[in-house]
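Data first, discussion second: the structure below is written as structure tokens.
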Amino acid sequence: MAILSELDPFAALTHYDAEAQRVSDDIDAALKAEKKTRDKQGKGLVKVLLLGQSESGKSTTLKNLRLAYDLEEWTRERGSWRSVVQLNVIRSVHALLEDSADSLLKLRLAPLRRVEADLKRRFGASALEVTPDMPSSELAVRAMTHLPEADDLAAQAILAACLPDIRTLYQSSRSAHIEETSGFFLNDLERVCAADYVPSDDDVVRARLRTTGVQEWRIRFSGNQAVAGMHPDFGRDWVIYDVGGCRTMRHAWLPFFENINAIIFLAPLSPFDLPLSEDPTMNRLDDTMRIWRFIVATKLLSRTTLIVFLNKCDLLKRKLRSGVQFGRYVTSYAGENEIGPVVKWMRDKFKDLSKAHAPSDAVRAVYLYPTSVTDTKATATTLRTVHDGILRDHLKSAEFV
């Protein structure tokens with residue numbers, strides 16, 4: 001063999017080495033085992049995408065999910081939301097001051113400007129409101145765990161000192177839409193402006209902080225939250241993507257359509273008479289319907305469970321009772337100006353669009369629920385139904401049944 005090796009310059013490359021072969025086989029086996037484990041975990045992992053225009057209720061829905069199924073982390077984080085509530089209150093105050101002619105009141109509330117500037121620095125882009133000229137920001141998926149820690153005692157003291165003037169401003173205001181904005185707390189001033197204020201669960205759910213980029217939340221459901229008849233580990237781990245809804249960020253949606261198990265689409269009904277913040281020429285309800293047509297027509301979602309939250313029904317009911325005519329803005333509607341007929345008509349409209357624009361090979365479930373996601377108790381009931389439905393559909397798609 002030595003002579004052959006000397007004569008054959010490629011002998012070293014072709015010479016059989018049993019030990020090297022064993023190591024190679026072990027590596028191959030380990031890679032196959034890792035792939036098998038990853039595939040098995042992937043089959044049980046549930047991926048949910050929250051979609052809808054800006055201020056439709058996506059982040060509020062996510063907070064309801066975390067409150068219901070991730071209580072330990074939720075409780076640990078709750079206190080840090082006080083800064084967000086402070087920002088929401090100050091934003092509402094400044095919105096009212098824009099329409100006020102009371103120069104003295106503006107002067108007395110001037111200290112809130114400094115507090116707002118500090119909060120904006122702390123929260124960065126999330127503290128900015130959507131405007132027509134807002135540029136498209138660079139997008140990245142961020143695994144979220146908690147809000148940044150904040151020393152907000154000084155800000156709370158200033159709010160407490162300004163409470164009498166804020167109360168006067170709100171009571172004298174005639175703004176028609178201020179109570180419909182996300183993060184509205186002016187109807188609870190005595191409590192949220194108190195020096196010792198601590199946010200409640202409902203406060204956190206109602207608080208508004210704009211979603212920038214794509215936020216990823218992971219929730220592990222406990223065994224007693226599994227659906228009857230399923231293995232307790234199946235579908236325990238959920239990844240929920242909260243994607244910004246303003247028009248400059250919607251190009252980020254499409255990459256998440258692949259391999260997604262369910263989409264929860266937030267369709268706010270109450271702003272049927274309001275324009276988009278990003279485009280004053282576009283009605284908000286028309287924009288919602290346009291997004292829905294795009295979703296149901298996308299071939300990548302032919303086998304994705306679609307869930308529609310016909311959201312902000314509480315605000316819709318209040319608006320209709322105040323005399324605002326739904327049919328004036330939605331001219332194809334000819335029914336009564338009551339919450340029941342309007343919601344039923346909208347529900348039928350979404351159903352019809354999901355059938356008319358579905359790809360020819362679509363095999364999927366479509367669920368529609370009237371919601372007011374700031375109502376944590378009612379939303380918890382809806383989310384239990386949604387949770388079980390998504391798992392059952394996921395079970396079918398994973399070919400376990």
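How things are named: the first chain in the structure tokens is A, the next is B, and so on; residues count from 1 in each chain; ligands count from 1 in the order shown.
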
- Extract, using only C-alpha atoms, all DNA, RNA and protein residues at most 7 Å from segment 297-300 of chain A, discarding same-chain residues fewer than 5 positions from it, and format them as a ChimeraX atom specification. /A:257-258,357-359

Kindly save the residues from that selection, with all heavy atoms included, as a PDB file, in the first residue's frame.
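Saved result, again08.pdb, follows:
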```
ATOM      1  N   PHE A 257     -46.928  36.965   5.669  1.00  0.00           N
ATOM      2  CA  PHE A 257     -48.066  36.162   5.246  1.00  0.00           C
ATOM      3  C   PHE A 257     -47.692  34.689   5.069  1.00  0.00           C
ATOM      4  O   PHE A 257     -48.540  33.809   5.185  1.00  0.00           O
ATOM      5  CB  PHE A 257     -48.638  36.695   3.930  1.00  0.00           C
ATOM      6  CG  PHE A 257     -49.423  37.980   4.086  1.00  0.00           C
ATOM      7  CD1 PHE A 257     -49.583  38.573   5.338  1.00  0.00           C
ATOM      8  CD2 PHE A 257     -49.995  38.597   2.990  1.00  0.00           C
ATOM      9  CE1 PHE A 257     -50.304  39.751   5.486  1.00  0.00           C
ATOM     10  CE2 PHE A 257     -50.727  39.763   3.126  1.00  0.00           C
ATOM     11  CZ  PHE A 257     -50.869  40.344   4.371  1.00  0.00           C
ATOM     12  N   GLU A 258     -46.421  34.440   4.777  1.00  0.00           N
ATOM     13  CA  GLU A 258     -45.994  33.058   4.537  1.00  0.00           C
ATOM     14  C   GLU A 258     -45.885  32.296   5.870  1.00  0.00           C
ATOM     15  O   GLU A 258     -45.290  32.770   6.826  1.00  0.00           O
ATOM     16  CB  GLU A 258     -44.645  33.040   3.814  1.00  0.00           C
ATOM     17  CG  GLU A 258     -44.284  31.681   3.264  1.00  0.00           C
ATOM     18  CD  GLU A 258     -43.100  31.737   2.319  1.00  0.00           C
ATOM     19  OE1 GLU A 258     -42.535  32.831   2.129  1.00  0.00           O
ATOM     20  OE2 GLU A 258     -42.747  30.680   1.768  1.00  0.00           O
ATOM     21  N   HIS A 357     -63.746  37.740  -3.209  1.00  0.00           N
ATOM     22  CA  HIS A 357     -62.347  37.994  -3.577  1.00  0.00           C
ATOM     23  C   HIS A 357     -61.390  36.865  -3.180  1.00  0.00           C
ATOM     24  O   HIS A 357     -60.174  37.014  -3.331  1.00  0.00           O
ATOM     25  CB  HIS A 357     -61.885  39.308  -2.940  1.00  0.00           C
ATOM     26  CG  HIS A 357     -62.622  40.510  -3.445  1.00  0.00           C
ATOM     27  ND1 HIS A 357     -62.242  41.198  -4.572  1.00  0.00           N
ATOM     28  CD2 HIS A 357     -63.742  41.135  -2.986  1.00  0.00           C
ATOM     29  CE1 HIS A 357     -63.081  42.204  -4.780  1.00  0.00           C
ATOM     30  NE2 HIS A 357     -64.002  42.184  -3.829  1.00  0.00           N
ATOM     31  N   ALA A 358     -61.917  35.748  -2.712  1.00  0.00           N
ATOM     32  CA  ALA A 358     -61.051  34.645  -2.282  1.00  0.00           C
ATOM     33  C   ALA A 358     -60.402  33.962  -3.478  1.00  0.00           C
ATOM     34  O   ALA A 358     -61.031  33.824  -4.546  1.00  0.00           O
ATOM     35  CB  ALA A 358     -61.868  33.626  -1.488  1.00  0.00           C
ATOM     36  N   PRO A 359     -59.150  33.527  -3.351  1.00  0.00           N
ATOM     37  CA  PRO A 359     -58.515  32.743  -4.418  1.00  0.00           C
ATOM     38  C   PRO A 359     -59.318  31.467  -4.691  1.00  0.00           C
ATOM     39  O   PRO A 359     -59.997  30.947  -3.798  1.00  0.00           O
ATOM     40  CB  PRO A 359     -57.133  32.417  -3.844  1.00  0.00           C
ATOM     41  CG  PRO A 359     -56.893  33.459  -2.799  1.00  0.00           C
ATOM     42  CD  PRO A 359     -58.241  33.766  -2.223  1.00  0.00           C
TER      43      PRO A 359
END
```

Env of segment 58-62 of chain A: 10 Å cut, atoms = only C-alpha atoms, seq-sep filter 6 positions within chain, self excluded. Answer as a PyMOL selection string. chain A and resi 49-52+68+182+204-211+215+217+240-245+264-267+309+311+372-376+379-380+383

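Relative to atom CA of Phe123 of chain A, atom CA of Thr168 of chain A is found at 28.8 Å.
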
task = Taking the chain letters and numbering used in this document, name the residues of segment 116-349 of chain A that DSSP puts in alpha helix (DSSP H), as a ChimeraX atom specification.
result = /A:116-123,153-172,189-192,201-206,284-297,313-321,326-329,339-349

note - atom CA of Tyr69 of chain A and atom CA of Asp201 of chain A are separated by 13.5 Å

key: Who sits within 12 Å of Ile390 of chain A, only C-alpha atoms, same chain under 5 positions skipped, as a PyMOL selection string   = chain A and resi 44-49+226-227+235-236+238+260-264+304-307+364-367+383-385+395-398

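The residue that comes closest to Arg218 of chain A, out of A:Arg290, A:Arg250, A:Arg66, A:His394 and on the basis of only C-alpha atoms, is A:Arg66.
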
Next on the checklist: Residues near segment 322-329 of chain A, anyone? I mean within 12 Å using only C-alpha atoms, not counting same-chain ones fewer than 6 positions away, as number ranges by chain.
Outcome noted: A: 176-177, 269-275, 283-286, 315-316, 335-339, 341-343, 345-346

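Among the candidates A:Asp352, A:Asp26, A:Asp203, A:Asp102, the residue lying nearest to Arg82 of chain A is A:Asp203 (atoms considered: only C-alpha atoms).
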
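Taking atom CA of Glu77 of chain A and atom CA of Leu112 of chain A as the two end points, the separation is 25.0 Å.
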
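Minimum atom-to-atom distances from A:Asp393, A:Glu55, A:Asp165, A:Asp25 to Val363 of chain A were compared using only C-alpha atoms, and the lowest value belongs to A:Asp393.
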
When DSSP is applied to the backbone of this structure, which of segment 151-244 of chain A are assigned strand (DSSP E or B)? Write them out as a PDB file with N, CA and C atoms, in the first residue's frame.
```
ATOM      1  N   VAL A 214     -42.028  46.103  13.481  1.00  0.00           N
ATOM      2  CA  VAL A 214     -42.773  44.871  13.749  1.00  0.00           C
ATOM      3  C   VAL A 214     -42.353  44.354  15.112  1.00  0.00           C
ATOM      4  N   GLN A 215     -43.311  44.202  15.997  1.00  0.00           N
ATOM      5  CA  GLN A 215     -43.009  43.717  17.334  1.00  0.00           C
ATOM      6  C   GLN A 215     -43.437  42.263  17.467  1.00  0.00           C
ATOM      7  N   GLU A 216     -42.566  41.468  18.036  1.00  0.00           N
ATOM      8  CA  GLU A 216     -42.823  40.036  18.206  1.00  0.00           C
ATOM      9  C   GLU A 216     -42.995  39.725  19.694  1.00  0.00           C
ATOM     10  N   TRP A 217     -44.117  39.108  20.015  1.00  0.00           N
ATOM     11  CA  TRP A 217     -44.374  38.685  21.390  1.00  0.00           C
ATOM     12  C   TRP A 217     -44.539  37.179  21.417  1.00  0.00           C
ATOM     13  N   ARG A 218     -43.971  36.541  22.414  1.00  0.00           N
ATOM     14  CA  ARG A 218     -44.113  35.093  22.585  1.00  0.00           C
ATOM     15  C   ARG A 218     -44.888  34.812  23.856  1.00  0.00           C
ATOM     16  N   ILE A 219     -45.906  33.972  23.717  1.00  0.00           N
ATOM     17  CA  ILE A 219     -46.750  33.593  24.845  1.00  0.00           C
ATOM     18  C   ILE A 219     -46.791  32.078  24.938  1.00  0.00           C
ATOM     19  N   ARG A 220     -46.539  31.543  26.112  1.00  0.00           N
ATOM     20  CA  ARG A 220     -46.656  30.095  26.333  1.00  0.00           C
ATOM     21  C   ARG A 220     -47.912  29.841  27.153  1.00  0.00           C
ATOM     22  N   ASP A 237     -47.030  27.125  22.464  1.00  0.00           N
ATOM     23  CA  ASP A 237     -46.180  28.282  22.180  1.00  0.00           C
ATOM     24  C   ASP A 237     -46.741  29.077  21.002  1.00  0.00           C
ATOM     25  N   TRP A 238     -47.042  30.334  21.271  1.00  0.00           N
ATOM     26  CA  TRP A 238     -47.566  31.233  20.242  1.00  0.00           C
ATOM     27  C   TRP A 238     -46.574  32.365  20.009  1.00  0.00           C
ATOM     28  N   VAL A 239     -46.417  32.733  18.737  1.00  0.00           N
ATOM     29  CA  VAL A 239     -45.672  33.932  18.364  1.00  0.00           C
ATOM     30  C   VAL A 239     -46.679  34.890  17.741  1.00  0.00           C
ATOM     31  N   ILE A 240     -46.780  36.069  18.310  1.00  0.00           N
ATOM     32  CA  ILE A 240     -47.754  37.052  17.841  1.00  0.00           C
ATOM     33  C   ILE A 240     -46.998  38.266  17.312  1.00  0.00           C
ATOM     34  N   TYR A 241     -47.273  38.611  16.064  1.00  0.00           N
ATOM     35  CA  TYR A 241     -46.610  39.748  15.429  1.00  0.00           C
ATOM     36  C   TYR A 241     -47.579  40.926  15.376  1.00  0.00           C
ATOM     37  N   ASP A 242     -47.160  42.030  15.968  1.00  0.00           N
ATOM     38  CA  ASP A 242     -47.937  43.271  15.950  1.00  0.00           C
ATOM     39  C   ASP A 242     -47.258  44.207  14.960  1.00  0.00           C
ATOM     40  N   VAL A 243     -47.910  44.423  13.828  1.00  0.00           N
ATOM     41  CA  VAL A 243     -47.308  45.188  12.737  1.00  0.00           C
ATOM     42  C   VAL A 243     -47.949  46.568  12.673  1.00  0.00           C
TER      43      VAL A 243
END
```

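Counting only C-alpha atoms and comparing A:Leu109, A:Met282, A:Cys246, A:Leu65, the residue that lies closest to Gln53 of chain A is A:Cys246.
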
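Of the residues listed (A:Glu180, A:Asp70, A:Glu98, A:Ala194), A:Glu180 shows the shortest atom-to-atom separation from Lys319 of chain A; distances use only C-alpha atoms.
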
Residues at most 9 Å from Ser173 of chain A, counting only C-alpha atoms, excluding those fewer than 3 positions away in the same chain, as a VMD selection string? chain A and resid 96 to 97 99 to 100 168 to 170 176
